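Peer 1: Structure file coords_7.txt (compact mmCIF, C-alpha atoms and all ligand atoms) is given on the next line.
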```txt
# COMPACT_ATOMS: atom_id res chain seq x y z
CA MET A 1 -99.22 -48.24 -70.06
CA HIS A 2 -97.89 -46.51 -66.97
CA VAL A 3 -97.96 -48.85 -63.98
CA VAL A 4 -97.89 -47.25 -60.53
CA ASP A 5 -95.51 -49.10 -58.20
CA SER A 6 -97.63 -49.70 -55.12
CA GLY A 7 -94.78 -51.38 -53.19
CA LEU A 8 -95.60 -54.12 -50.72
CA GLU A 9 -99.30 -54.33 -49.86
CA ILE A 10 -100.61 -56.28 -46.88
CA ASP A 11 -104.28 -56.42 -47.72
CA HIS A 12 -106.68 -57.51 -44.95
CA ILE A 13 -104.72 -60.53 -43.71
CA SER A 14 -106.14 -62.81 -41.02
CA LYS A 15 -104.47 -65.84 -39.49
CA ARG A 16 -105.46 -68.20 -36.68
CA TYR A 17 -103.38 -70.76 -34.84
CA GLY A 18 -106.14 -73.01 -33.52
CA GLU A 19 -107.97 -70.96 -30.91
CA ILE A 20 -105.54 -68.03 -31.17
CA ALA A 21 -106.37 -65.25 -33.64
CA ALA A 22 -102.79 -64.14 -34.39
CA LEU A 23 -103.86 -61.63 -37.08
CA ARG A 24 -107.20 -59.94 -37.61
CA ASP A 25 -107.62 -57.94 -40.74
CA MET A 26 -104.06 -56.62 -40.85
CA VAL A 27 -103.73 -53.84 -43.43
CA PHE A 28 -100.84 -51.60 -44.46
CA THR A 29 -98.57 -50.73 -47.36
CA VAL A 30 -94.84 -50.16 -47.54
CA GLY A 31 -94.27 -47.93 -50.53
CA PRO A 32 -91.21 -48.01 -52.81
CA GLY A 33 -88.34 -46.20 -51.12
CA GLU A 34 -90.08 -46.21 -47.75
CA LEU A 35 -88.57 -47.30 -44.44
CA PHE A 36 -91.44 -48.68 -42.38
CA GLY A 37 -91.10 -49.49 -38.67
CA PHE A 38 -93.36 -52.19 -37.30
CA VAL A 39 -93.87 -51.96 -33.54
CA GLY A 40 -96.07 -53.74 -31.01
CA SER A 41 -96.06 -55.65 -27.74
CA ASN A 42 -94.79 -59.22 -27.52
CA GLY A 43 -97.21 -61.52 -29.32
CA ALA A 44 -98.94 -58.65 -31.17
CA GLY A 45 -98.49 -60.34 -34.54
CA LYS A 46 -95.43 -58.74 -36.15
CA THR A 47 -93.51 -61.93 -36.93
CA THR A 48 -96.64 -63.65 -38.23
CA THR A 49 -97.32 -60.70 -40.54
CA MET A 50 -93.76 -60.67 -41.85
CA ARG A 51 -93.74 -64.40 -42.49
CA ILE A 52 -96.97 -64.10 -44.44
CA ALA A 53 -95.60 -61.06 -46.30
CA LEU A 54 -92.71 -63.24 -47.44
CA GLY A 55 -94.86 -66.17 -48.40
CA VAL A 56 -93.25 -68.58 -45.90
CA LEU A 57 -96.57 -68.85 -44.04
CA ALA A 58 -100.04 -68.92 -45.60
CA ALA A 59 -102.78 -66.51 -44.50
CA ASP A 60 -106.31 -67.76 -43.81
CA SER A 61 -107.69 -64.82 -45.74
CA GLY A 62 -106.46 -61.64 -47.37
CA GLU A 63 -103.70 -61.11 -49.90
CA VAL A 64 -100.12 -59.87 -50.11
CA ARG A 65 -99.09 -58.12 -53.31
CA PHE A 66 -95.85 -56.68 -54.57
CA ARG A 67 -96.04 -54.10 -57.35
CA GLY A 68 -99.66 -55.10 -57.76
CA ARG A 69 -98.93 -58.83 -58.20
CA PRO A 70 -99.81 -61.58 -55.73
CA LEU A 71 -96.74 -63.40 -54.45
CA ASP A 72 -95.39 -66.21 -56.58
CA LEU A 73 -91.98 -67.86 -56.61
CA ASP A 74 -90.49 -65.31 -59.01
CA VAL A 75 -91.60 -62.41 -56.85
CA ARG A 76 -90.45 -64.13 -53.64
CA ARG A 77 -86.98 -64.75 -55.04
CA ARG A 78 -86.52 -61.00 -55.21
CA PHE A 79 -87.23 -60.54 -51.49
CA GLY A 80 -84.56 -60.18 -48.82
CA TYR A 81 -85.45 -61.57 -45.40
CA MET A 82 -83.88 -61.52 -41.97
CA PRO A 83 -85.91 -63.93 -39.82
CA GLU A 84 -86.25 -63.67 -36.06
CA GLU A 85 -84.89 -67.19 -35.64
CA ARG A 86 -81.63 -66.67 -37.44
CA GLY A 87 -81.38 -69.39 -40.06
CA LEU A 88 -77.74 -69.62 -41.08
CA TYR A 89 -75.64 -72.74 -41.58
CA PRO A 90 -73.52 -72.74 -38.41
CA LYS A 91 -70.56 -74.65 -39.81
CA MET A 92 -70.23 -72.77 -43.09
CA LYS A 93 -67.74 -69.94 -43.44
CA VAL A 94 -69.13 -66.42 -43.64
CA ALA A 95 -68.19 -65.50 -47.22
CA GLU A 96 -68.89 -68.99 -48.52
CA GLN A 97 -72.33 -68.91 -46.96
CA LEU A 98 -73.21 -65.51 -48.39
CA ALA A 99 -72.04 -66.50 -51.88
CA HIS A 100 -74.05 -69.72 -51.60
CA LEU A 101 -77.19 -67.78 -50.65
CA GLY A 102 -76.61 -65.38 -53.54
CA GLU A 103 -76.46 -68.34 -55.94
CA LEU A 104 -79.66 -69.77 -54.46
CA HIS A 105 -81.28 -66.47 -55.39
CA GLY A 106 -80.19 -66.93 -59.00
CA MET A 107 -76.88 -65.02 -59.12
CA SER A 108 -73.91 -66.31 -61.08
CA ARG A 109 -71.11 -67.68 -58.93
CA ALA A 110 -68.83 -64.75 -59.77
CA ASP A 111 -71.50 -62.16 -58.99
CA ALA A 112 -72.44 -63.92 -55.76
CA ARG A 113 -68.80 -63.96 -54.62
CA ALA A 114 -68.33 -60.30 -55.47
CA ALA A 115 -71.52 -59.41 -53.59
CA ALA A 116 -70.41 -61.47 -50.57
CA GLU A 117 -67.14 -59.55 -50.56
CA ARG A 118 -68.84 -56.20 -50.92
CA TRP A 119 -71.30 -56.82 -48.08
CA THR A 120 -68.78 -58.26 -45.66
CA ASP A 121 -66.69 -55.13 -46.26
CA ARG A 122 -69.64 -52.81 -45.79
CA LEU A 123 -70.79 -54.52 -42.59
CA GLY A 124 -67.39 -54.67 -40.94
CA LEU A 125 -66.95 -58.42 -41.40
CA ARG A 126 -63.87 -58.42 -43.59
CA GLU A 127 -61.75 -60.06 -40.88
CA ARG A 128 -64.43 -62.71 -40.32
CA ARG A 129 -64.91 -63.90 -43.89
CA ASP A 130 -63.21 -67.23 -43.31
CA ASP A 131 -64.69 -67.90 -39.87
CA GLN A 132 -67.45 -70.38 -39.33
CA VAL A 133 -70.68 -68.60 -38.50
CA GLN A 134 -71.04 -70.53 -35.21
CA ARG A 135 -67.74 -69.01 -34.01
CA LEU A 136 -68.94 -65.43 -34.35
CA SER A 137 -70.41 -63.34 -31.57
CA LEU A 138 -74.19 -62.94 -31.73
CA GLY A 139 -73.91 -59.37 -32.99
CA ASN A 140 -71.58 -60.44 -35.80
CA GLN A 141 -73.92 -63.30 -36.69
CA GLN A 142 -76.60 -60.70 -37.01
CA ARG A 143 -74.44 -58.67 -39.40
CA VAL A 144 -74.00 -61.81 -41.49
CA GLN A 145 -77.74 -62.25 -41.42
CA LEU A 146 -78.23 -58.73 -42.76
CA ALA A 147 -75.65 -59.42 -45.47
CA ALA A 148 -77.58 -62.60 -46.30
CA ALA A 149 -80.77 -60.58 -46.74
CA LEU A 150 -79.00 -58.10 -49.04
CA VAL A 151 -76.56 -60.21 -51.01
CA HIS A 152 -78.85 -60.68 -54.03
CA ASP A 153 -79.78 -57.00 -54.21
CA PRO A 154 -83.44 -57.58 -53.27
CA ASP A 155 -86.46 -55.60 -54.44
CA VAL A 156 -88.04 -55.76 -50.96
CA LEU A 157 -86.38 -56.03 -47.55
CA VAL A 158 -88.18 -57.51 -44.52
CA LEU A 159 -86.26 -57.70 -41.24
CA ASP A 160 -87.51 -59.18 -37.97
CA GLU A 161 -85.88 -57.30 -35.08
CA PRO A 162 -82.61 -56.55 -36.88
CA PHE A 163 -81.38 -54.22 -34.13
CA SER A 164 -81.82 -56.46 -31.11
CA GLY A 165 -78.53 -57.26 -29.41
CA LEU A 166 -76.35 -55.00 -31.58
CA ASP A 167 -73.68 -52.72 -30.13
CA PRO A 168 -74.07 -48.96 -30.77
CA VAL A 169 -71.65 -48.96 -33.72
CA ALA A 170 -73.44 -51.86 -35.36
CA VAL A 171 -76.78 -50.10 -34.76
CA GLU A 172 -75.47 -47.10 -36.71
CA VAL A 173 -74.19 -49.27 -39.56
CA MET A 174 -77.45 -51.21 -39.71
CA GLY A 175 -79.42 -47.94 -39.76
CA GLU A 176 -77.24 -46.54 -42.57
CA VAL A 177 -77.63 -49.67 -44.65
CA LEU A 178 -81.41 -49.63 -44.24
CA ARG A 179 -81.56 -45.97 -45.29
CA GLU A 180 -79.32 -46.59 -48.31
CA THR A 181 -81.49 -49.52 -49.33
CA ARG A 182 -84.59 -47.36 -48.97
CA ASP A 183 -82.91 -44.62 -51.03
CA ARG A 184 -82.52 -47.10 -53.89
CA GLY A 185 -86.32 -47.33 -54.03
CA VAL A 186 -86.68 -50.58 -52.09
CA PRO A 187 -89.58 -50.91 -49.61
CA VAL A 188 -88.00 -51.76 -46.23
CA LEU A 189 -90.10 -53.22 -43.40
CA PHE A 190 -88.55 -53.97 -40.04
CA SER A 191 -89.83 -54.72 -36.56
CA SER A 192 -88.29 -53.40 -33.39
CA HIS A 193 -88.96 -52.82 -29.72
CA GLN A 194 -86.47 -49.91 -29.73
CA LEU A 195 -88.93 -47.09 -30.26
CA ASP A 196 -86.35 -44.31 -30.12
CA LEU A 197 -84.59 -45.93 -33.05
CA VAL A 198 -87.80 -46.38 -34.99
CA GLN A 199 -88.67 -42.74 -34.40
CA ARG A 200 -85.25 -41.61 -35.60
CA LEU A 201 -85.00 -43.85 -38.65
CA CYS A 202 -88.40 -44.44 -40.15
CA ASP A 203 -90.51 -42.61 -42.67
CA ARG A 204 -93.65 -44.33 -41.44
CA VAL A 205 -94.55 -46.48 -38.52
CA GLY A 206 -97.29 -49.00 -37.80
CA ILE A 207 -98.37 -49.85 -34.27
CA VAL A 208 -99.89 -53.31 -34.01
CA SER A 209 -101.90 -54.69 -31.11
CA GLY A 210 -103.87 -57.90 -30.81
CA GLY A 211 -103.18 -58.81 -34.45
CA SER A 212 -104.46 -55.55 -35.98
CA MET A 213 -102.96 -52.25 -37.03
CA ILE A 214 -104.15 -49.67 -34.51
CA ALA A 215 -102.17 -46.64 -35.69
CA CYS A 216 -100.24 -46.12 -38.90
CA GLY A 217 -98.73 -43.04 -40.47
CA GLY A 218 -95.76 -40.74 -40.77
CA VAL A 219 -93.76 -40.50 -37.53
CA ASP A 220 -94.28 -36.73 -37.29
CA GLU A 221 -97.91 -37.02 -38.32
CA LEU A 222 -98.60 -39.54 -35.53
CA ARG A 223 -96.79 -37.41 -32.98
CA GLU A 224 -98.79 -34.34 -34.04
CA ARG A 225 -101.95 -36.22 -33.14
CA GLY A 226 -100.84 -36.47 -29.52
CA PRO A 227 -101.54 -33.69 -26.98
CA ALA A 228 -99.23 -30.66 -26.94
CA ARG A 229 -96.52 -30.54 -24.31
CA LEU A 230 -94.43 -27.87 -22.73
CA VAL A 231 -90.96 -28.28 -21.34
CA VAL A 232 -90.21 -25.57 -18.79
CA HIS A 233 -86.89 -25.11 -17.02
CA ALA A 234 -87.42 -22.80 -14.07
CA PRO A 235 -84.77 -23.80 -11.50
CA GLN A 236 -86.36 -21.99 -8.59
CA ALA A 237 -89.88 -23.33 -9.14
CA ALA A 238 -91.08 -25.44 -6.23
CA PRO A 239 -93.04 -28.64 -6.91
CA GLY A 240 -96.70 -27.70 -7.32
CA TRP A 241 -95.93 -24.41 -9.12
CA THR A 242 -98.51 -25.30 -11.79
CA ASP A 243 -101.28 -26.05 -9.27
CA GLY A 244 -104.35 -24.04 -10.13
CA LEU A 245 -103.46 -23.64 -13.84
CA ALA A 246 -106.44 -24.91 -15.83
CA GLY A 247 -105.75 -27.50 -18.54
CA VAL A 248 -102.22 -28.27 -17.33
CA ARG A 249 -101.14 -31.75 -16.24
CA VAL A 250 -97.68 -32.44 -14.86
CA LEU A 251 -96.02 -35.42 -16.57
CA GLY A 252 -92.69 -35.13 -14.82
CA GLN A 253 -90.54 -32.81 -12.75
CA GLN A 254 -86.84 -33.10 -12.13
CA HIS A 255 -84.07 -30.64 -11.28
CA GLY A 256 -86.34 -27.65 -11.93
CA ARG A 257 -87.38 -28.94 -15.36
CA SER A 258 -91.08 -29.72 -15.76
CA THR A 259 -92.77 -31.57 -18.60
CA LEU A 260 -96.39 -30.50 -18.86
CA GLU A 261 -99.27 -31.73 -20.97
CA LEU A 262 -101.68 -29.07 -22.18
CA ALA A 263 -105.35 -29.68 -22.84
CA ASP A 264 -106.60 -28.36 -26.20
CA GLY A 265 -107.04 -24.59 -26.15
CA THR A 266 -104.82 -23.97 -23.10
CA ASP A 267 -102.94 -20.67 -23.34
CA ASP A 268 -99.25 -21.44 -22.90
CA GLN A 269 -98.51 -17.78 -22.09
CA VAL A 270 -100.41 -18.19 -18.83
CA VAL A 271 -98.03 -21.03 -18.00
CA LEU A 272 -95.05 -18.86 -18.93
CA ARG A 273 -96.21 -16.08 -16.61
CA ALA A 274 -96.66 -18.60 -13.78
CA ALA A 275 -93.15 -19.91 -14.41
CA LEU A 276 -91.65 -16.39 -14.43
CA ALA A 277 -93.38 -15.68 -11.12
CA THR A 278 -91.13 -18.36 -9.55
CA GLY A 279 -87.87 -16.78 -10.79
CA PRO A 280 -85.78 -17.08 -13.97
CA VAL A 281 -86.95 -19.31 -16.85
CA HIS A 282 -84.06 -20.84 -18.79
CA GLU A 283 -86.09 -22.94 -21.19
CA PHE A 284 -89.65 -22.82 -22.42
CA ARG A 285 -90.54 -24.90 -25.45
CA ARG A 286 -93.39 -26.76 -27.05
CA ASP A 287 -92.95 -30.44 -27.72
CA ARG A 288 -94.96 -33.45 -28.87
CA PRO A 289 -95.15 -36.91 -27.32
CA ASP A 290 -92.47 -39.23 -28.64
CA LEU A 291 -93.21 -42.58 -30.18
CA ALA A 292 -92.77 -44.42 -26.87
CA ASP A 293 -95.45 -42.24 -25.20
CA LEU A 294 -97.72 -42.61 -28.16
CA PHE A 295 -97.26 -46.35 -28.13
CA ARG A 296 -98.19 -46.54 -24.45
CA THR A 297 -101.27 -44.40 -25.01
CA VAL A 298 -102.69 -46.20 -28.04
CA VAL A 299 -101.92 -49.70 -26.77
CA THR A 300 -103.44 -48.93 -23.34
CA GLU A 301 -106.55 -47.43 -24.96
CA GLU A 302 -106.86 -50.47 -27.23
CA HIS A 303 -106.65 -52.86 -24.26
CA ALA A 304 -109.24 -50.82 -22.34
CA ALA A 305 -111.66 -50.81 -25.31
N1 LIG A 401 -96.52 -71.53 -34.52
C1 LIG A 401 -97.42 -71.00 -33.68
N2 LIG A 401 -98.35 -71.77 -33.07
C2 LIG A 401 -99.28 -71.23 -32.25
N3 LIG A 401 -99.36 -69.92 -31.94
C3 LIG A 401 -98.46 -69.10 -32.52
C4 LIG A 401 -97.44 -69.58 -33.39
N4 LIG A 401 -96.69 -68.53 -33.81
C5 LIG A 401 -97.20 -67.43 -33.20
N5 LIG A 401 -98.27 -67.77 -32.42
C6 LIG A 401 -99.12 -66.84 -31.65
O1 LIG A 401 -99.56 -65.81 -32.52
C7 LIG A 401 -99.54 -64.54 -31.87
C8 LIG A 401 -98.67 -63.57 -32.64
O2 LIG A 401 -97.30 -63.95 -32.50
P1 LIG A 401 -96.09 -63.22 -33.25
O3 LIG A 401 -94.87 -64.06 -33.07
O4 LIG A 401 -96.50 -62.89 -34.64
O5 LIG A 401 -95.96 -61.87 -32.40
P2 LIG A 401 -94.80 -60.76 -32.40
O6 LIG A 401 -95.50 -59.44 -32.50
O7 LIG A 401 -93.78 -61.04 -33.44
O8 LIG A 401 -94.19 -60.91 -30.95
P3 LIG A 401 -92.67 -60.62 -30.37
O9 LIG A 401 -92.54 -59.13 -30.26
O10 LIG A 401 -92.74 -61.27 -29.03
O11 LIG A 401 -91.70 -61.25 -31.31
C9 LIG A 401 -99.09 -64.82 -30.43
O12 LIG A 401 -100.23 -64.97 -29.64
C10 LIG A 401 -98.33 -66.13 -30.55
O13 LIG A 401 -98.37 -66.82 -29.33
```
Take the structure in the file and give it back as structure tokens.

Peer 2:
Amino acid sequence: MHVVDSGLEIDHISKRYGEIAALRDMVFTVGPGELFGFVGSNGAGKTTTMRIALGVLAADSGEVRFRGRPLDLDVRRRFGYMPEERGLYPKMKVAEQLAHLGELHGMSRADARAAAERWTDRLGLRERRDDQVQRLSLGNQQRVQLAAALVHDPDVLVLDEPFSGLDPVAVEVMGEVLRETRDRGVPVLFSSHQLDLVQRLCDRVGIVSGGSMIACGGVDELRERGPARLVVHAPQAAPGWTDGLAGVRVLGQQHGRSTLELADGTDDQVVLRAALATGPVHEFRRDRPDLADLFRTVVTEEHAA
């Protein structure tokens, strides 16, 4: 029988903490070989979702499945997790700690040591292998945490804000490792407040607000849903040059470069002619809102509803 790998399915999860409804009917799927960015305001429910996805917290209702199976201990052992509250043993040495975690996930001692060596190399921690974790900088502790999530070659990777506090080089390395992991067919779910990074890295993104998924889809697909924009660089145009153009809203103007939002059906050639009437036009291009704009729009609409 051919079994379709449905990846990690979060199926209508709800969770209350007393009076607080942390999650209401949360639904999404991270397919095999998919890098999924989970974004939302503080307190939106990302960490709660991830903890339930890993089986470290129980849902009030709904189900999490991996490859069609509800979570049990065997399935959970094959998960890799980077929690928000970084749970490493502070006094243990880096390589020792990683090998220990590998063994806890069922690896032989030799395999666990080899994996610890491989990941410390890959994540630029070679020089730190024999340091106690508590002596490392926060960014390096985070690299160890990523190594800890990967050391047993997991089938699923779930990372709670893996990019926060990393320097630009570490951000690149982290991004590469996530893409490589995805390319091996692993579903990768991570949360972040760095929307530019999510836009650049992810295949799909989910925007969560008030404990529910309010927008979910391919990054380009979500951006396409937003209103069209024009970027116009007309250095001699005075502020107000678009006044009187129907369906045109000015989003920003700086150094002769205007970002305009066009209502549906607006003829951009009318805008071009108006720009040319001011003098030379060095740039004229269509654009779509980026993820940060989209986030602001959908979260504001949700709050207003
Ligand atoms: N142990 C707990 N006891 C009571 N309330 C909790 C607990 N953990 C989370 N909450 C509440 O549940 C809601 C969701 O919190 P959660 O940590 O999942 O959000 P988040 O999206 O991860 O936020 P952030 O971006 O700030 O990390 C919030 O209202 C939070 O205050």

Peer 1: Give one line per residue of chain A that approaches ligand LIG 401 (chain A) to at most 7 Å, naming the two atoms of the closest pair and their distance in Å to one decimal, counting only C-alpha atoms and all ligand atoms; sort by chain then ascending residue number and deliver it as a Markdown table.

Peer 2:
```
| residue | atom | partner | partner_atom | distance |
| --- | --- | --- | --- | --- |
| A:Tyr17 | CA | A:LIG401 | C2 | 4.9 |
| A:Ile20 | CA | A:LIG401 | O12 | 6.3 |
| A:Ala21 | CA | A:LIG401 | O1 | 6.9 |
| A:Ala22 | CA | A:LIG401 | O1 | 4.1 |
| A:Gly40 | CA | A:LIG401 | O6 | 5.9 |
| A:Ser41 | CA | A:LIG401 | O9 | 5.6 |
| A:Asn42 | CA | A:LIG401 | O10 | 3.3 |
| A:Gly43 | CA | A:LIG401 | O5 | 3.3 |
| A:Ala44 | CA | A:LIG401 | O6 | 3.8 |
| A:Gly45 | CA | A:LIG401 | O4 | 3.2 |
| A:Lys46 | CA | A:LIG401 | O6 | 3.7 |
| A:Thr47 | CA | A:LIG401 | O7 | 3.6 |
| A:Thr48 | CA | A:LIG401 | O4 | 3.7 |
| A:Thr49 | CA | A:LIG401 | O4 | 6.3 |
| A:Gly211 | CA | A:LIG401 | C8 | 6.8 |
```

Peer 1: Quick one: residues within 12 Å of (-105.4, -26.2, -23.4) (file frame), counting only C-alpha atoms, please, as a PyMOL selection string.

Peer 2: chain A and resi 227-230+245-249+260-271

Peer 1: Could you check how far atom CA of A:Asp287 sits from atom CA of A:Val232, in Å to one decimal?

Peer 2: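 So the answer is 10.5 Å.
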
Peer 1: So which one's closest to A:Leu195, A:Val156, A:Ala110, A:Ile207, A:Ala149? Using all atoms listed in the file, please.

Peer 2: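 Looking at the shortest contact to A:Leu195, the residue is A:Ile207.
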
Peer 1: For A:Glu180, which residue out of A:Val198, A:Val94, A:Leu101, A:Leu35 is the nearest one, using all atoms listed in the file?

Peer 2: A:Leu35

Peer 1: Near stretch 89-93 of chain A, counting all atoms listed in the file, which residues have an atom at most 6 Å away, once you skip same-chain residues fewer than 6 positions from it, shown as a list of chain:residue names?

Peer 2: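 These residues fall inside the cut-off: A:Asp130, A:Asp131, A:Gln132, A:Val133, A:Gln134.
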
Peer 1: For the residues selected in the previous step, produce a file with C-alpha atoms as a compact mmCIF listing (two decimals), in the frame of the given file.

Peer 2:
```txt
# COMPACT_ATOMS: atom_id res chain seq x y z
CA ASP A 130 -63.21 -67.23 -43.31
CA ASP A 131 -64.69 -67.90 -39.87
CA GLN A 132 -67.45 -70.38 -39.33
CA VAL A 133 -70.68 -68.60 -38.50
CA GLN A 134 -71.04 -70.53 -35.21
```

Peer 1: Atom CA of A:Ser137 to atom CA of A:Gln194: how many Å, to one decimal?

Peer 2: 21.0 Å

Peer 1: Smallest atom-to-atom distance to A:Leu272: which of A:His193, A:His100, A:Arg296, A:His233, using only C-alpha atoms?

Peer 2: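 For A:Leu272, the nearest of the candidates is A:His233.
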
Peer 1: Hey, could you pull the box centre and edge lengths for stretch 284-291 of chain A, axis-aligned, 3 Å padding per side, all listed atoms, to one decimal in Å, as AutoDock Vina command-line options?

Peer 2:
```
--center_x -92.4 --center_y -32.7 --center_z -26.3 --size_x 11.5 --size_y 25.8 --size_z 13.8
```

Peer 1: Using all atoms listed in the file, find the one residue out of A:Ala237, A:Cys216, A:Leu197, A:Val208 that sits nearest to A:Glu302.

Peer 2: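 Looking at the shortest contact to A:Glu302, the residue is A:Val208.
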
Peer 1: Atom CA of A:Ala99 and atom CA of A:Ala112, how far apart in Å?

Peer 2: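 One can read the atom CA of A:Ala112 to atom CA of A:Ala99 distance as 4.7 Å.
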
Peer 1: Please provide as a PyMOL selection string all residues within 12 Å of A:Arg204, with the sequence filter that same-chain residues fewer than 5 positions apart are discarded (counting all atoms listed in the file).

Peer 2: chain A and resi 28-31+33-39+187-190+198-199+215-223+291
